[in-house]
Amino acid sequence: MELSITTSESAINFDNYVFHAALCHRCGTKIYPASQMEAHLDRHQVKDMFLEGELKKLQYSMGRMR
């Protein structure tokens, strides 16, 4: 059982098999296996929604301080 990462950014070799990765355009993370990319992007979306909610709370608080 030999593990080697190729110089290519989108593949990994393991036991004479080549597994292709997906490269996230938002954070640059390589996702193995590529089928997990949708779940990874969902986590980005959840984080964005959380930060959006926190920003709205902060804007509301700052507006009341004026």
# chains A, B, ... in the order shown; residues from 1 in each chain; ligands from 1
>>> residues_around(residues="Cys24 in chain A", least_positions_apart="6", cutoff="8 Å", atoms="only C-alpha atoms", output="MDAnalysis selection string")
chainID A and resid 30:31 37 41
>>> select_by_dssp(residues="range 2-65 of chain A", states="alpha helix (DSSP H)", output="list of chain:residue names")
A:Met37, A:Glu38, A:Ala39, A:His40, A:Leu41, A:Asp42, A:Arg43, A:His44, A:Gln45, A:Val46, A:Lys47, A:Asp48, A:Met49, A:Phe50, A:Leu51, A:Glu52, A:Gly53, A:Glu54, A:Leu55, A:Lys56, A:Lys57, A:Leu58, A:Gln59, A:Tyr60, A:Ser61, A:Met62, A:Gly63, A:Arg64, A:Met65
>>> residues_around(residues="Leu23 in chain A", least_positions_apart="5", cutoff="12 Å", atoms="only C-alpha atoms", output="MDAnalysis selection string")
chainID A and resid 8:11 28:38 40:41
>>> write_last_selection(atoms="all heavy atoms", output="tab-separated table (two decimals), in the first residue's frame")
chain	number	residue	atom	x	y	z
A	8	SER	N	0.89	16.91	-10.20
A	8	SER	CA	-0.33	17.51	-10.71
A	8	SER	C	-1.18	17.97	-9.53
A	8	SER	O	-1.22	17.33	-8.49
A	8	SER	CB	-1.12	16.49	-11.54
A	8	SER	OG	-2.40	16.97	-11.82
A	9	GLU	N	-1.89	19.06	-9.70
A	9	GLU	CA	-2.71	19.58	-8.61
A	9	GLU	C	-4.04	18.86	-8.49
A	9	GLU	O	-4.76	19.08	-7.53
A	9	GLU	CB	-2.98	21.07	-8.82
A	9	GLU	CG	-1.76	21.92	-8.65
A	9	GLU	CD	-2.10	23.39	-8.75
A	9	GLU	OE1	-3.28	23.72	-8.88
A	9	GLU	OE2	-1.17	24.19	-8.70
A	10	SER	N	-4.37	18.00	-9.43
A	10	SER	CA	-5.72	17.46	-9.42
A	10	SER	C	-5.79	15.94	-9.35
A	10	SER	O	-6.83	15.38	-9.63
A	10	SER	CB	-6.45	17.92	-10.68
A	10	SER	OG	-5.78	17.42	-11.82
A	11	ALA	N	-4.73	15.27	-8.94
A	11	ALA	CA	-4.79	13.81	-8.87
A	11	ALA	C	-3.91	13.30	-7.74
A	11	ALA	O	-2.93	13.93	-7.35
A	11	ALA	CB	-4.35	13.20	-10.18
A	28	GLY	N	-9.49	27.33	-2.83
A	28	GLY	CA	-8.32	26.66	-3.38
A	28	GLY	C	-8.06	25.28	-2.82
A	28	GLY	O	-7.03	24.68	-3.11
A	29	THR	N	-8.97	24.75	-2.04
A	29	THR	CA	-8.80	23.43	-1.44
A	29	THR	C	-9.03	22.34	-2.49
A	29	THR	O	-9.92	22.44	-3.31
A	29	THR	CB	-9.81	23.24	-0.29
A	29	THR	OG1	-9.60	24.26	0.67
A	29	THR	CG2	-9.68	21.89	0.35
A	30	LYS	N	-8.20	21.30	-2.41
A	30	LYS	CA	-8.41	20.13	-3.27
A	30	LYS	C	-9.33	19.17	-2.54
A	30	LYS	O	-9.07	18.82	-1.39
A	30	LYS	CB	-7.08	19.45	-3.59
A	30	LYS	CG	-6.20	20.28	-4.50
A	30	LYS	CD	-4.94	19.54	-4.85
A	30	LYS	CE	-3.93	19.82	-3.75
A	30	LYS	NZ	-2.61	19.27	-4.05
A	31	ILE	N	-10.40	18.77	-3.18
A	31	ILE	CA	-11.40	17.90	-2.57
A	31	ILE	C	-11.25	16.50	-3.16
A	31	ILE	O	-11.34	16.32	-4.37
A	31	ILE	CB	-12.83	18.42	-2.83
A	31	ILE	CG1	-12.97	19.88	-2.40
A	31	ILE	CG2	-13.85	17.55	-2.15
A	31	ILE	CD1	-12.77	20.14	-0.94
A	32	TYR	N	-11.00	15.52	-2.30
A	32	TYR	CA	-10.92	14.11	-2.70
A	32	TYR	C	-12.03	13.37	-2.00
A	32	TYR	O	-12.16	13.49	-0.78
A	32	TYR	CB	-9.58	13.49	-2.27
A	32	TYR	CG	-8.39	14.12	-2.92
A	32	TYR	CD1	-7.64	15.06	-2.24
A	32	TYR	CD2	-8.01	13.77	-4.20
A	32	TYR	CE1	-6.54	15.64	-2.82
A	32	TYR	CE2	-6.90	14.35	-4.79
A	32	TYR	CZ	-6.17	15.29	-4.08
A	32	TYR	OH	-5.08	15.86	-4.66
A	33	PRO	N	-12.84	12.62	-2.60
A	33	PRO	CA	-13.07	12.49	-4.04
A	33	PRO	C	-13.83	13.69	-4.56
A	33	PRO	O	-14.44	14.44	-3.80
A	33	PRO	CB	-13.88	11.21	-4.16
A	33	PRO	CG	-14.62	11.11	-2.87
A	33	PRO	CD	-13.70	11.71	-1.84
A	34	ALA	N	-13.81	13.85	-5.85
A	34	ALA	CA	-14.43	15.02	-6.48
A	34	ALA	C	-15.93	15.09	-6.23
A	34	ALA	O	-16.52	16.16	-6.27
A	34	ALA	CB	-14.14	15.01	-7.98
A	35	SER	N	-16.55	13.95	-5.93
A	35	SER	CA	-18.00	13.94	-5.69
A	35	SER	C	-18.37	14.69	-4.42
A	35	SER	O	-19.54	15.03	-4.21
A	35	SER	CB	-18.50	12.50	-5.61
A	35	SER	OG	-17.87	11.82	-4.53
A	36	GLN	N	-17.42	14.99	-3.56
A	36	GLN	CA	-17.69	15.72	-2.32
A	36	GLN	C	-17.67	17.24	-2.49
A	36	GLN	O	-17.86	17.98	-1.52
A	36	GLN	CB	-16.66	15.32	-1.25
A	36	GLN	CG	-16.75	13.88	-0.82
A	36	GLN	CD	-18.07	13.59	-0.15
A	36	GLN	OE1	-18.54	14.34	0.68
A	36	GLN	NE2	-18.70	12.50	-0.55
A	37	MET	N	-17.46	17.71	-3.71
A	37	MET	CA	-17.38	19.15	-3.95
A	37	MET	C	-18.69	19.86	-3.60
A	37	MET	O	-18.67	20.95	-3.03
A	37	MET	CB	-17.01	19.43	-5.40
A	37	MET	CG	-16.94	20.91	-5.73
A	37	MET	SD	-15.82	21.84	-4.70
A	37	MET	CE	-14.36	21.77	-5.68
A	38	GLU	N	-19.81	19.26	-3.89
A	38	GLU	CA	-21.10	19.90	-3.61
A	38	GLU	C	-21.27	20.14	-2.11
A	38	GLU	O	-21.69	21.22	-1.69
A	38	GLU	CB	-22.25	19.04	-4.14
A	38	GLU	CG	-23.59	19.72	-4.02
A	38	GLU	CD	-24.71	18.92	-4.65
A	38	GLU	OE1	-24.43	18.01	-5.45
A	38	GLU	OE2	-25.86	19.21	-4.31
A	40	HIS	N	-18.87	20.49	0.04
A	40	HIS	CA	-17.90	21.53	0.39
A	40	HIS	C	-18.46	22.91	0.08
A	40	HIS	O	-18.36	23.84	0.90
A	40	HIS	CB	-16.58	21.27	-0.36
A	40	HIS	CG	-15.54	22.30	-0.09
A	40	HIS	ND1	-14.79	22.32	1.05
A	40	HIS	CD2	-15.13	23.36	-0.84
A	40	HIS	CE1	-13.96	23.35	1.01
A	40	HIS	NE2	-14.14	23.99	-0.14
A	41	LEU	N	-19.07	23.06	-1.08
A	41	LEU	CA	-19.65	24.35	-1.46
A	41	LEU	C	-20.85	24.70	-0.58
A	41	LEU	O	-21.08	25.88	-0.29
A	41	LEU	CB	-20.04	24.34	-2.94
A	41	LEU	CG	-18.85	24.27	-3.91
A	41	LEU	CD1	-19.34	24.16	-5.35
A	41	LEU	CD2	-17.92	25.46	-3.75
>>> select_by_dssp(residues="chain A", states="strand (DSSP E or B)", output="count of residues only")
15
